[in-house]
Amino acid sequence: MQLHQSKQLATDSEQTLSICSSRVCPRSIGESDRYSGDMGLYREHILPILVDRACGTAGLKKRRGELSSGLSGRVLEIGFGSGLNVEHYPSTVEKVLAVEPSAKGFRIAQRRIDSSSVQVELVGLDGQSIPLPDDSCDDALCTFALCTIPDADAALAEVLRVLRPGGQFHFLEHGLAPDAGVAAWQRRLEPLQRRVADGCHLTRDPVALVRGAGFTLDDVDQRYGVGPKPWSWFTRGVAVNPG
């Protein structure tokens with residue numbers, strides 16, 4: 001495994017808001033019942049718009065392009081959101097099987113889907129229970145998702161199940177920073193973050209989650225982006241289903 005870790009700040013265009021970390025929320029079907037009134041309106045109709053704007057910065061576009069390189073065949077994407085990865089799918093991708101619980105997010109994505117040569121099919125709402133056969137996808141993709149899925153371990157087990165042996169899992173996440181002071185602030189801020197950003201965690205370790213699910217890590221790049229450090233420790237990685 002190649003591991004690249006840098007504590008240097010990236011370009012200013014890479015700055016992102018804490019709201020960006022909430023991009024995916026493949027919750028169990030029916031869990032949205034705990035949201036009502038103004039909070040339900042915020043989660044279902046306002047948050048997807050805010051996330052689309054916050055996660056669509058030029059800096060993150062560059063990272064999405066780097067992340068998507070090497071994908072091919074039938075690709076599973078969990079936390080599809082508003083389709084911010086669509087423009088970066090390489091020509092080797094034949095079809096994307098999307099998992100996304102937000103109807104509003106998928107409506108925003110439609111214009112991006114319509115302008116793409118890659119077919120996108122919405123196949124499920126819940127990343128913790130993907131309605132696809134075993135070994136049915138060539139590669140998988142996930143951006144800013146593992147922070148918010150209620151049971152990230154279950155979701156990664158599902159990705160591993162539907163990914164063919166030797167298939168690659170490309171992921172881009174924010175998470176627990178290596179610096180003790182930053183990590184302490186992440187723990188202090190996490191209760192508020194989870195409330196305003198639809199369950200998003202600041203202290204999850206994406207590398208540990210992916211490795212713990214049974215993947216073999218092939219390449220990992222970690223660094224701070226510009227912006228408040230509790231939200232800007234980014235991990236871009238490629239892992240393989242060892243079969």
# chains A, B, ... in the order shown; residues from 1 in each chain; ligands from 1
>>> select_by_dssp(residues="segment 64-99 of chain A", states="strand (DSSP E or B)", output="list in words")
Gly73, Arg74, Val75, Leu76, Glu77, Ile78, Val93, Glu94, Lys95, Val96, Leu97, Ala98 and Val99 of chain A
>>> write_last_selection(atoms="C-alpha atoms", output="compact mmCIF listing (two decimals), in the first residue's frame")
# COMPACT_ATOMS: atom_id res chain seq x y z
CA GLY A 73 -17.37 -1.29 -16.01
CA ARG A 74 -20.42 -1.38 -13.73
CA VAL A 75 -19.74 1.00 -10.85
CA LEU A 76 -21.65 1.13 -7.58
CA GLU A 77 -21.84 4.61 -6.05
CA ILE A 78 -23.15 4.92 -2.51
CA VAL A 93 -17.35 3.37 -16.92
CA GLU A 94 -20.27 1.60 -18.60
CA LYS A 95 -22.99 2.19 -16.00
CA VAL A 96 -23.33 3.64 -12.52
CA LEU A 97 -25.64 1.97 -10.00
CA ALA A 98 -26.55 4.73 -7.56
CA VAL A 99 -27.66 4.43 -3.94
>>> residues_around(residues="Arg64 of chain A", least_positions_apart="4", cutoff="8 Å", atoms="only C-alpha atoms", output="list in words")
Leu60, Ser68, Asn85, His88 and Leu172 of chain A
>>> write_last_selection(atoms="N, CA and C atoms", output="compact mmCIF listing (two decimals), in the first residue's frame")
# COMPACT_ATOMS: atom_id res chain seq x y z
N LEU A 60 -12.52 20.66 -4.64
CA LEU A 60 -13.10 19.32 -4.50
C LEU A 60 -13.36 18.70 -5.86
N SER A 68 -11.85 9.48 -9.38
CA SER A 68 -12.60 8.69 -10.35
C SER A 68 -11.71 8.00 -11.38
N ASN A 85 -20.15 13.73 -8.80
CA ASN A 85 -19.09 12.93 -9.42
C ASN A 85 -19.34 12.61 -10.89
N HIS A 88 -17.05 13.47 -13.73
CA HIS A 88 -15.69 12.93 -13.62
C HIS A 88 -15.60 11.45 -13.97
N LEU A 172 -13.39 9.07 -0.95
CA LEU A 172 -12.92 10.39 -0.54
C LEU A 172 -13.74 10.80 0.67
>>> atom_distance(atom1="atom CA of Asp134 of chain A", atom2="atom CA of Gly175 of chain A")
29.0 Å
>>> residues_around(residues="His170 of chain A", least_positions_apart="3", cutoff="6 Å", atoms="only C-alpha atoms", output="list in words")
Leu141, Gly237 and Val238 of chain A
>>> residues_around(residues="Ala180 of chain A", least_positions_apart="6", cutoff="12 Å", atoms="only C-alpha atoms", output="VMD selection string")
chain A and resid 186 to 187 203 229 to 230
>>> residues_around(residues="segment 154-163 of chain A", least_positions_apart="6", cutoff="6 Å", atoms="only C-alpha atoms", output="PyMOL selection string")
chain A and resi 127-128+134-137+213
>>> write_last_selection(atoms="N, CA and C atoms", output="PDB file, in the first residue's frame")
ATOM      1  N   GLY A 127     -27.566   2.572   1.897  1.00  0.00           N
ATOM      2  CA  GLY A 127     -26.250   1.975   1.708  1.00  0.00           C
ATOM      3  C   GLY A 127     -25.977   0.802   2.622  1.00  0.00           C
ATOM      4  N   GLN A 128     -26.784   0.650   3.666  1.00  0.00           N
ATOM      5  CA  GLN A 128     -26.599  -0.453   4.607  1.00  0.00           C
ATOM      6  C   GLN A 128     -27.274  -1.737   4.127  1.00  0.00           C
ATOM      7  N   ASP A 134     -24.475 -10.563  -5.178  1.00  0.00           N
ATOM      8  CA  ASP A 134     -23.055 -10.670  -4.847  1.00  0.00           C
ATOM      9  C   ASP A 134     -22.208 -10.571  -6.117  1.00  0.00           C
ATOM     10  N   ASP A 135     -21.042  -9.945  -5.986  1.00  0.00           N
ATOM     11  CA  ASP A 135     -20.044  -9.885  -7.072  1.00  0.00           C
ATOM     12  C   ASP A 135     -20.612  -9.304  -8.369  1.00  0.00           C
ATOM     13  N   SER A 136     -21.554  -8.364  -8.257  1.00  0.00           N
ATOM     14  CA  SER A 136     -22.237  -7.864  -9.455  1.00  0.00           C
ATOM     15  C   SER A 136     -21.683  -6.534  -9.970  1.00  0.00           C
ATOM     16  N   CYS A 137     -20.720  -5.936  -9.251  1.00  0.00           N
ATOM     17  CA  CYS A 137     -20.159  -4.647  -9.670  1.00  0.00           C
ATOM     18  C   CYS A 137     -18.651  -4.775  -9.873  1.00  0.00           C
ATOM     19  N   ALA A 213     -13.350  -3.537   7.251  1.00  0.00           N
ATOM     20  CA  ALA A 213     -14.394  -4.217   6.480  1.00  0.00           C
ATOM     21  C   ALA A 213     -13.851  -5.386   5.676  1.00  0.00           C
TER      22      ALA A 213
END
>>> closest_residue(among="A:Cys142, A:Val51, A:Leu132, A:Val182", to="Ala239 of chain A", atoms="only C-alpha atoms")
A:Cys142
>>> select_by_dssp(residues="segment 3-242 of chain A", states="helix (DSSP H, G or I)", output="PyMOL selection string")
chain A and resi 12-14+18-22+31-34+37-54+58-68+86-88+103-114+152-162+180-196+206-212+229-231
>>> residues_around(residues="Asp218 of chain A", least_positions_apart="3", cutoff="10 Å", atoms="only C-alpha atoms", output="list in words")
Met1, Gln2, Leu3, Gln168, Phe169, Phe215, Gly237, Val238, Ala239 and Val240 of chain A
>>> closest_residue(among="A:Tyr42, A:Trp233, A:Phe80, A:Phe106", to="Ala197 of chain A", atoms="only C-alpha atoms")
A:Tyr42
>>> atom_distance(atom1="atom CA of Thr92 of chain A", atom2="atom CA of Leu209 of chain A")
27.8 Å
>>> residues_around(residues="Asp205 of chain A", least_positions_apart="2", cutoff="10 Å", atoms="only C-alpha atoms", output="PyMOL selection string")
chain A and resi 146-147+173-178+201-203+207-210+235
>>> closest_residue(among="A:Asp221, A:Glu121, A:Asp153, A:Asp139", to="Ser69 of chain A", atoms="only C-alpha atoms")
A:Asp139
